[in-house]
$ cat upload_23.txt   # compact mmCIF, C-alpha atoms
# COMPACT_ATOMS: atom_id res chain seq x y z
CA MET N 1 34.74 119.64 98.97
CA PRO N 2 37.47 122.30 98.74
CA LYS N 3 36.93 124.85 95.99
CA ALA N 4 39.43 125.41 93.17
CA VAL N 5 39.55 127.83 90.26
CA CYS N 6 40.66 126.09 87.07
CA LEU N 7 41.75 127.96 83.95
CA LEU N 8 39.95 126.38 81.00
CA SER N 9 40.83 127.21 77.40
CA GLY N 10 38.99 124.28 75.83
CA GLY N 11 42.22 122.61 74.74
CA LEU N 12 43.69 119.21 75.53
CA ASP N 13 45.89 120.43 78.37
CA SER N 14 43.41 122.56 80.30
CA SER N 15 40.67 119.93 79.95
CA THR N 16 42.97 117.25 81.34
CA CYS N 17 44.05 119.58 84.13
CA LEU N 18 40.41 120.13 85.10
CA ALA N 19 39.82 116.37 85.21
CA ILE N 20 42.86 115.92 87.46
CA ALA N 21 41.54 118.59 89.84
CA GLN N 22 38.20 116.81 90.00
CA ARG N 23 39.90 113.49 90.67
CA GLU N 24 41.70 115.13 93.58
CA GLY N 25 38.36 116.03 95.11
CA TYR N 26 37.97 119.72 94.27
CA GLU N 27 34.76 121.53 93.44
CA ILE N 28 35.65 123.27 90.20
CA TYR N 29 35.05 126.88 89.26
CA ALA N 30 36.18 127.08 85.65
CA LEU N 31 37.46 130.34 84.16
CA SER N 32 37.86 131.04 80.44
CA PHE N 33 38.89 134.20 78.60
CA ASP N 34 37.53 136.04 75.60
CA TYR N 35 40.64 138.15 75.14
CA GLY N 36 40.49 139.07 71.46
CA GLN N 37 42.04 135.83 70.24
CA ARG N 38 41.93 134.90 66.54
CA HIS N 39 38.79 132.77 66.88
CA ARG N 40 35.99 131.87 69.27
CA ILE N 41 36.13 128.12 68.59
CA GLU N 42 38.16 127.50 71.74
CA LEU N 43 35.55 129.33 73.84
CA GLU N 44 32.86 127.04 72.45
CA ALA N 45 35.07 124.07 73.32
CA ALA N 46 35.58 125.38 76.86
CA ALA N 47 31.83 125.67 77.34
CA ARG N 48 31.38 122.08 76.13
CA ILE N 49 34.07 120.76 78.45
CA ALA N 50 32.71 122.67 81.46
CA GLN N 51 29.22 121.33 80.86
CA ALA N 52 30.42 117.77 80.35
CA ALA N 53 32.52 117.93 83.51
CA GLY N 54 29.65 119.28 85.59
CA VAL N 55 31.64 122.12 87.13
CA ALA N 56 30.11 124.21 89.91
CA ASP N 57 30.40 127.38 87.81
CA HIS N 58 31.95 128.41 84.51
CA ARG N 59 32.61 132.04 83.71
CA THR N 60 34.21 133.74 80.74
CA ALA N 61 36.10 136.97 81.42
CA LYS N 62 36.12 139.46 78.57
CA LEU N 63 39.18 141.62 77.95
CA ASP N 64 40.85 142.97 74.85
CA LEU N 65 44.50 142.07 74.45
CA ARG N 66 44.28 143.21 70.83
CA MET N 67 44.73 146.74 72.15
CA PHE N 68 48.37 145.76 72.70
CA GLY N 69 48.82 143.11 69.99
CA GLY N 70 52.34 141.73 69.77
CA SER N 71 51.24 138.15 69.10
CA ALA N 72 49.99 136.11 66.16
CA LEU N 73 46.95 135.32 68.30
CA THR N 74 46.03 138.97 68.98
CA SER N 75 47.16 140.90 65.91
CA ASN N 76 47.58 140.52 62.15
CA ILE N 77 50.68 138.36 62.29
CA ASP N 78 50.75 135.03 60.45
CA VAL N 79 50.64 131.91 62.58
CA PRO N 80 53.75 129.79 61.87
CA LYS N 81 52.99 126.57 60.01
CA GLY N 82 54.82 123.33 59.33
CA ARG N 83 57.65 123.86 61.81
CA SER N 84 59.88 121.04 63.00
CA ALA N 85 60.28 120.19 66.69
CA ALA N 86 63.75 121.79 66.58
CA GLN N 87 62.33 125.00 65.15
CA MET N 88 59.61 125.10 67.78
CA SER N 89 62.11 124.83 70.62
CA ARG N 90 64.60 127.34 69.22
CA ASP N 91 62.96 130.64 70.16
CA ILE N 92 59.88 132.00 71.88
CA PRO N 93 57.31 131.88 69.04
CA VAL N 94 55.12 134.72 67.78
CA THR N 95 52.10 132.85 69.18
CA TYR N 96 53.25 133.86 72.65
CA VAL N 97 50.78 136.46 73.98
CA PRO N 98 52.60 139.05 76.13
CA ALA N 99 51.94 138.44 79.85
CA ARG N 100 48.88 136.29 79.11
CA ASN N 101 49.27 133.78 81.93
CA THR N 102 50.10 136.56 84.38
CA ILE N 103 46.85 138.29 83.42
CA PHE N 104 44.83 135.07 83.49
CA LEU N 105 46.18 134.00 86.85
CA SER N 106 45.43 137.45 88.27
CA PHE N 107 41.77 137.05 87.29
CA ALA N 108 41.78 133.54 88.78
CA LEU N 109 43.30 134.93 91.95
CA ALA N 110 40.55 137.53 92.26
CA TRP N 111 37.84 134.89 91.91
CA ALA N 112 39.64 132.53 94.29
CA GLU N 113 39.77 135.28 96.91
CA VAL N 114 36.03 135.90 96.61
CA LEU N 115 35.40 132.16 96.92
CA GLU N 116 37.95 131.92 99.77
CA ALA N 117 39.57 129.15 97.76
CA SER N 118 43.24 128.31 98.24
CA ASP N 119 43.78 126.45 94.98
CA ILE N 120 44.19 127.46 91.34
CA PHE N 121 44.81 124.91 88.59
CA ILE N 122 46.51 125.79 85.31
CA GLY N 123 47.32 123.36 82.51
CA VAL N 124 50.70 124.75 81.50
CA ASN N 125 53.33 122.37 80.17
CA ALA N 126 57.05 123.09 79.96
CA LEU N 127 58.35 119.82 78.53
CA ASP N 128 56.77 119.06 75.17
CA TYR N 129 55.76 122.54 74.10
CA SER N 130 57.04 125.85 72.77
CA GLY N 131 59.19 127.73 75.26
CA TYR N 132 56.71 130.25 76.62
CA PRO N 133 58.25 132.12 79.58
CA ASP N 134 54.97 132.10 81.52
CA CYS N 135 54.78 128.30 81.48
CA ARG N 136 57.90 127.78 83.58
CA PRO N 137 57.86 126.45 87.16
CA GLU N 138 59.83 129.46 88.42
CA PHE N 139 57.15 131.80 87.08
CA LEU N 140 54.40 129.84 88.84
CA ASP N 141 56.38 129.80 92.10
CA ALA N 142 56.87 133.56 91.90
CA PHE N 143 53.19 134.20 91.19
CA GLU N 144 52.15 131.97 94.08
CA HIS N 145 54.43 133.88 96.45
CA MET N 146 53.06 137.21 95.21
CA ALA N 147 49.45 136.02 95.50
CA ASN N 148 49.77 135.25 99.19
CA LEU N 149 51.14 138.75 99.78
CA ALA N 150 48.59 140.54 97.61
CA THR N 151 45.23 139.33 98.92
CA ARG N 152 43.21 140.15 102.00
CA THR N 153 42.40 136.49 102.59
CA GLY N 154 46.09 135.66 102.36
CA VAL N 155 47.18 138.39 104.75
CA GLU N 156 44.44 137.39 107.19
CA HIS N 157 45.52 133.72 106.85
CA ARG N 158 42.10 132.60 105.65
CA THR N 159 43.64 131.21 102.49
CA ASN N 160 47.08 129.89 101.61
CA LEU N 161 47.07 130.02 97.84
CA LYS N 162 48.64 127.19 95.86
CA ILE N 163 49.16 127.20 92.10
CA HIS N 164 48.75 123.64 90.79
CA ALA N 165 50.31 122.75 87.44
CA PRO N 166 49.97 118.96 87.30
CA LEU N 167 51.00 118.76 83.63
CA ILE N 168 54.14 120.87 83.95
CA ASN N 169 56.61 117.99 83.44
CA MET N 170 54.46 115.72 81.29
CA SER N 171 54.97 115.03 77.59
CA LYS N 172 52.05 115.48 75.21
CA ALA N 173 51.79 111.70 74.95
CA GLU N 174 51.56 111.42 78.74
CA ILE N 175 48.87 114.11 78.79
CA VAL N 176 46.85 112.23 76.17
CA GLY N 177 47.21 109.04 78.20
CA MET N 178 46.11 110.82 81.36
CA ALA N 179 43.10 112.31 79.59
CA VAL N 180 42.03 108.87 78.38
CA GLU N 181 42.54 107.40 81.86
CA LEU N 182 40.36 110.12 83.40
CA GLY N 183 37.63 109.77 80.81
CA VAL N 184 37.99 113.21 79.23
CA ASP N 185 35.90 113.43 76.07
CA LEU N 186 38.70 114.52 73.75
CA ALA N 187 36.24 115.01 70.90
CA LEU N 188 35.05 118.13 72.74
CA THR N 189 38.49 119.75 72.86
CA HIS N 190 40.11 122.16 70.41
CA SER N 191 43.82 122.93 70.10
CA CYS N 192 44.38 124.75 66.80
CA TYR N 193 45.73 128.31 66.70
CA ASP N 194 44.35 129.01 63.22
CA PRO N 195 41.18 127.04 62.40
CA ASP N 196 39.13 127.69 59.27
CA THR N 197 35.77 129.45 59.31
CA ASP N 198 34.03 126.14 60.05
CA GLY N 199 36.24 125.53 63.09
CA ARG N 200 38.33 122.80 61.50
CA ALA N 201 41.93 122.59 62.69
CA CYS N 202 44.66 123.64 60.24
CA ARG N 203 46.86 120.60 61.13
CA GLU N 204 49.99 122.69 60.50
CA CYS N 205 50.41 125.17 63.38
CA ASP N 206 52.65 124.34 66.34
CA SER N 207 49.70 123.43 68.54
CA CYS N 208 48.20 121.07 65.94
CA LEU N 209 51.54 119.40 65.29
CA LEU N 210 52.25 118.91 68.98
CA ARG N 211 48.78 117.51 69.54
CA ALA N 212 49.21 115.07 66.64
CA LYS N 213 52.62 114.04 67.99
CA GLY N 214 51.14 113.40 71.42
CA PHE N 215 48.31 111.24 70.14
CA ALA N 216 50.64 109.29 67.85
CA GLU N 217 53.16 108.60 70.61
CA ALA N 218 50.38 107.61 73.01
CA GLY N 219 48.97 105.19 70.43
CA VAL N 220 45.58 106.86 70.66
CA SER N 221 43.39 107.98 67.77
CA ASP N 222 42.54 111.69 67.90
CA PRO N 223 38.73 111.93 67.67
CA VAL N 224 38.91 115.38 66.06
CA ALA N 225 41.36 114.35 63.34
CA PRO N 226 39.93 114.09 59.78

$ encode --input "upload_23.txt" --output "structure tokens"
Amino acid sequence: MPKAVCLLSGGLDSSTCLAIAQREGYEIYALSFDYGQRHRIELEAAARIAQAAGVADHRTAKLDLRMFGGSALTSNIDVPKGRSAAQMSRDIPVTYVPARNTIFLSFALAWAEVLEASDIFIGVNALDYSGYPDCRPEFLDAFEHMANLATRTGVEHRTNLKIHAPLINMSKAEIVGMAVELGVDLALTHSCYDPDTDGRACRECDSCLLRAKGFAEAGVSDPVAP
């Protein structure tokens, strides 16, 4: 089986992305990040998903993006609540973490090089989501090009790195449908930006609202909804 590094946040998208990679026949090396985010609930979810999926290895990289801040997820900035779809799509929201996917993909690239793996999977989505600049296809294409120039295995033609983003053009409803089709245990996932101290989702942040919209449009009951 070819090896692939899969970024795993513990959310709906990354969990579905991992399941797609497994369906395509890859041996999965899952990578999560403890980067100083607002809560650790998503890390617990990632561990649950990795165990349930039976990945070859699951590692959590620790780094502190709070040293820079600049995001509602890494500094004392309120998470927006109750926004309409139009408001979500108007501007890049304060939940955007500066350069996060560039940093995460760089870690994935390092691990892929050690594994001599040519494939990295990331569950970014550009259609039914806030307009994060590091979720766009042109960003992923540029990173892929850079990665093949920047690694020893690439230069020596032992790997030919490919960034896979199978959810990039899917709606949230389509992602929910795909997760159900692939047998992802959605009760293990977590999507909220601002859960309470018991880990319960706020139901009002952009991520919660988009998740609810996706489940509703897919005609599927969300197992983590109250």

$ closest_atom_pairs --input "upload_23.txt" --of "stretch 103-159 of chain N" --to "stretch 32-55 of chain N" --cutoff "12 Å" --atoms "only C-alpha atoms" --output "Markdown table"
| residue | atom | partner | partner_atom | distance |
| --- | --- | --- | --- | --- |
| N:Ile103 | CA | N:Phe33 | CA | 10.2 |
| N:Phe104 | CA | N:Phe33 | CA | 7.7 |
| N:Leu105 | CA | N:Ser32 | CA | 10.9 |
| N:Phe107 | CA | N:Phe33 | CA | 9.6 |
| N:Ala108 | CA | N:Ser32 | CA | 9.5 |
| N:Ile122 | CA | N:Ser32 | CA | 11.2 |

$ residues_around --input "upload_23.txt" --residues "stretch 74-77 of chain N" --least-positions-apart "6" --cutoff "12 Å" --atoms "all atoms listed in the file" --output "mmCIF file with C-alpha atoms, keeping the file's coordinate frame"
data_model
loop_
_atom_site.group_PDB
_atom_site.id
_atom_site.type_symbol
_atom_site.label_atom_id
_atom_site.label_comp_id
_atom_site.auth_asym_id
_atom_site.auth_seq_id
_atom_site.Cartn_x
_atom_site.Cartn_y
_atom_site.Cartn_z
ATOM 1 C CA ASP N 34 37.530 136.040 75.600
ATOM 2 C CA TYR N 35 40.640 138.150 75.140
ATOM 3 C CA GLY N 36 40.490 139.070 71.460
ATOM 4 C CA GLN N 37 42.040 135.830 70.240
ATOM 5 C CA ARG N 38 41.930 134.900 66.540
ATOM 6 C CA HIS N 39 38.790 132.770 66.880
ATOM 7 C CA LEU N 63 39.180 141.620 77.950
ATOM 8 C CA ASP N 64 40.850 142.970 74.850
ATOM 9 C CA LEU N 65 44.500 142.070 74.450
ATOM 10 C CA ARG N 66 44.280 143.210 70.830
ATOM 11 C CA MET N 67 44.730 146.740 72.150
ATOM 12 C CA PHE N 68 48.370 145.760 72.700
ATOM 13 C CA PRO N 93 57.310 131.880 69.040
ATOM 14 C CA VAL N 94 55.120 134.720 67.780
ATOM 15 C CA THR N 95 52.100 132.850 69.180
ATOM 16 C CA TYR N 96 53.250 133.860 72.650
ATOM 17 C CA VAL N 97 50.780 136.460 73.980
ATOM 18 C CA PRO N 98 52.600 139.050 76.130
ATOM 19 C CA ARG N 100 48.880 136.290 79.110
ATOM 20 C CA TYR N 193 45.730 128.310 66.700
ATOM 21 C CA ASP N 194 44.350 129.010 63.220
#

$ closest_atom_pairs --input "upload_23.txt" --of "stretch 8-112 of chain N" --to "stretch 131-151 of chain N" --cutoff "8 Å" --atoms "only C-alpha atoms" --output "Markdown table"
| residue | atom | partner | partner_atom | distance |
| --- | --- | --- | --- | --- |
| N:Met88 | CA | N:Gly131 | CA | 7.9 |
| N:Ser89 | CA | N:Gly131 | CA | 6.2 |
| N:Asp91 | CA | N:Gly131 | CA | 7.0 |
| N:Ile92 | CA | N:Gly131 | CA | 5.5 |
| N:Pro93 | CA | N:Gly131 | CA | 7.7 |
| N:Tyr96 | CA | N:Tyr132 | CA | 6.4 |
| N:Ala99 | CA | N:Asp134 | CA | 7.2 |
| N:Arg100 | CA | N:Asp134 | CA | 7.8 |
| N:Asn101 | CA | N:Asp134 | CA | 6.0 |
| N:Thr102 | CA | N:Asp134 | CA | 7.2 |
| N:Leu109 | CA | N:Ala147 | CA | 7.2 |

$ write_last_selection --input "upload_23.txt" --atoms "C-alpha atoms" --output "PDB file, in the frame of the given file"
ATOM      1  CA  MET N  88      59.610 125.100  67.780  1.00  0.00           C
ATOM      2  CA  SER N  89      62.110 124.830  70.620  1.00  0.00           C
ATOM      3  CA  ASP N  91      62.960 130.640  70.160  1.00  0.00           C
ATOM      4  CA  ILE N  92      59.880 132.000  71.880  1.00  0.00           C
ATOM      5  CA  PRO N  93      57.310 131.880  69.040  1.00  0.00           C
ATOM      6  CA  TYR N  96      53.250 133.860  72.650  1.00  0.00           C
ATOM      7  CA  ALA N  99      51.940 138.440  79.850  1.00  0.00           C
ATOM      8  CA  ARG N 100      48.880 136.290  79.110  1.00  0.00           C
ATOM      9  CA  ASN N 101      49.270 133.780  81.930  1.00  0.00           C
ATOM     10  CA  THR N 102      50.100 136.560  84.380  1.00  0.00           C
ATOM     11  CA  LEU N 109      43.300 134.930  91.950  1.00  0.00           C
TER      12      LEU N 109
END

$ closest_residue --input "upload_23.txt" --among "N:Leu161, N:Leu188, N:Ile175, N:Ala225" --to "N:Glu116" --atoms "only C-alpha atoms"
N:Leu161

$ residues_around --input "upload_23.txt" --residues "N:Trp111" --least-positions-apart "5" --cutoff "10 Å" --atoms "only C-alpha atoms" --output "PDB file with C-alpha atoms, in the frame of the given file"
ATOM      1  CA  ALA N   4      39.430 125.410  93.170  1.00  0.00           C
ATOM      2  CA  VAL N   5      39.550 127.830  90.260  1.00  0.00           C
ATOM      3  CA  TYR N  29      35.050 126.880  89.260  1.00  0.00           C
ATOM      4  CA  LEU N  31      37.460 130.340  84.160  1.00  0.00           C
ATOM      5  CA  LEU N 105      46.180 134.000  86.850  1.00  0.00           C
ATOM      6  CA  SER N 106      45.430 137.450  88.270  1.00  0.00           C
ATOM      7  CA  GLU N 116      37.950 131.920  99.770  1.00  0.00           C
ATOM      8  CA  ALA N 117      39.570 129.150  97.760  1.00  0.00           C
ATOM      9  CA  ILE N 120      44.190 127.460  91.340  1.00  0.00           C
TER      10      ILE N 120
END

$ closest_residue --input "upload_23.txt" --among "N:Cys208, N:Arg23, N:Asp185, N:Ala85" --to "N:Pro223" --atoms "only C-alpha atoms"
N:Asp185

$ atom_distance --input "upload_23.txt" --atom1 "atom CA of N:Ala112" --atom2 "atom CA of N:Met1"
14.6 Å

$ atom_distance --input "upload_23.txt" --atom1 "atom CA of N:Ser84" --atom2 "atom CA of N:Glu174"
20.2 Å

$ atom_distance --input "upload_23.txt" --atom1 "atom CA of N:Val176" --atom2 "atom CA of N:Gly214"
6.5 Å

$ closest_residue --input "upload_23.txt" --among "N:Ser71, N:Ser118, N:Thr60, N:Ser221" --to "N:Leu186" --atoms "only C-alpha atoms"
N:Ser221

$ closest_residue --input "upload_23.txt" --among "N:Lys3, N:Arg152, N:Arg83, N:Lys62" --to "N:Asp206" --atoms "all atoms listed in the file"
N:Arg83

$ closest_residue --input "upload_23.txt" --among "N:Ala187, N:Ala110, N:Leu7, N:Leu127" --to "N:Asn169" --atoms "only C-alpha atoms"
N:Leu127

$ closest_residue --input "upload_23.txt" --among "N:Asp119, N:Lys172, N:Arg200, N:Met178" --to "N:Asn160" --atoms "only C-alpha atoms"
N:Asp119

$ residues_near_point --input "upload_23.txt" --point "(45.6, 118.8, 71.6)" --cutoff "7 Å" --atoms "all atoms listed in the file" --output "ChimeraX atom specification"
/N:11-13,190-191,207-208,211

$ build_atoms --input "upload_23.txt" --residues "stretch 5-16 of chain N" --atoms "all heavy atoms" --output "tab-separated table (two decimals), in the coordinates of the input"
chain	number	residue	atom	x	y	z
N	5	VAL	N	39.75	127.16	91.54
N	5	VAL	CA	39.55	127.83	90.26
N	5	VAL	C	40.45	127.16	89.25
N	5	VAL	O	41.64	126.96	89.50
N	5	VAL	CB	39.87	129.33	90.37
N	5	VAL	CG1	39.75	130.01	89.00
N	5	VAL	CG2	38.94	130.01	91.37
N	6	CYS	N	39.89	126.79	88.11
N	6	CYS	CA	40.66	126.09	87.07
N	6	CYS	C	40.58	126.88	85.78
N	6	CYS	O	39.47	127.14	85.27
N	6	CYS	CB	40.12	124.68	86.87
N	6	CYS	SG	41.04	123.68	85.68
N	7	LEU	N	41.72	127.28	85.24
N	7	LEU	CA	41.75	127.96	83.95
N	7	LEU	C	41.41	126.95	82.86
N	7	LEU	O	42.00	125.87	82.78
N	7	LEU	CB	43.12	128.58	83.69
N	7	LEU	CG	43.57	129.64	84.70
N	7	LEU	CD1	44.89	130.25	84.27
N	7	LEU	CD2	42.52	130.73	84.86
N	8	LEU	N	40.45	127.32	82.01
N	8	LEU	CA	39.95	126.38	81.00
N	8	LEU	C	39.90	127.05	79.64
N	8	LEU	O	39.07	127.93	79.39
N	8	LEU	CB	38.55	125.90	81.39
N	8	LEU	CG	37.88	124.91	80.43
N	8	LEU	CD1	38.65	123.61	80.34
N	8	LEU	CD2	36.43	124.65	80.86
N	9	SER	N	40.79	126.64	78.75
N	9	SER	CA	40.83	127.21	77.40
N	9	SER	C	39.99	126.41	76.42
N	9	SER	O	39.65	126.91	75.34
N	9	SER	CB	42.27	127.25	76.89
N	9	SER	OG	42.73	125.94	76.61
N	10	GLY	N	39.68	125.17	76.76
N	10	GLY	CA	38.99	124.28	75.83
N	10	GLY	C	39.94	123.35	75.11
N	10	GLY	O	39.50	122.53	74.30
N	11	GLY	N	41.23	123.45	75.38
N	11	GLY	CA	42.22	122.61	74.74
N	11	GLY	C	42.47	121.32	75.50
N	11	GLY	O	41.91	121.08	76.57
N	12	LEU	N	43.33	120.50	74.93
N	12	LEU	CA	43.69	119.21	75.53
N	12	LEU	C	44.24	119.38	76.94
N	12	LEU	O	43.83	118.70	77.89
N	12	LEU	CB	44.70	118.51	74.63
N	12	LEU	CG	45.44	117.31	75.21
N	12	LEU	CD1	44.48	116.17	75.49
N	12	LEU	CD2	46.54	116.86	74.24
N	13	ASP	N	45.20	120.29	77.10
N	13	ASP	CA	45.89	120.43	78.37
N	13	ASP	C	44.97	120.91	79.48
N	13	ASP	O	44.92	120.33	80.58
N	13	ASP	CB	47.08	121.38	78.24
N	13	ASP	CG	48.19	120.82	77.34
N	13	ASP	OD1	48.09	119.66	76.91
N	13	ASP	OD2	49.15	121.56	77.09
N	14	SER	N	44.25	122.00	79.24
N	14	SER	CA	43.41	122.56	80.30
N	14	SER	C	42.26	121.61	80.66
N	14	SER	O	41.86	121.53	81.83
N	14	SER	CB	42.87	123.93	79.91
N	14	SER	OG	41.95	123.86	78.84
N	15	SER	N	41.75	120.88	79.68
N	15	SER	CA	40.67	119.93	79.95
N	15	SER	C	41.16	118.78	80.81
N	15	SER	O	40.46	118.31	81.71
N	15	SER	CB	40.10	119.41	78.63
N	15	SER	OG	39.60	120.48	77.84
N	16	THR	N	42.38	118.32	80.53
N	16	THR	CA	42.97	117.25	81.34
N	16	THR	C	43.28	117.75	82.74
N	16	THR	O	43.06	117.04	83.73
N	16	THR	CB	44.25	116.73	80.66
N	16	THR	OG1	43.95	116.32	79.33
N	16	THR	CG2	44.83	115.55	81.43
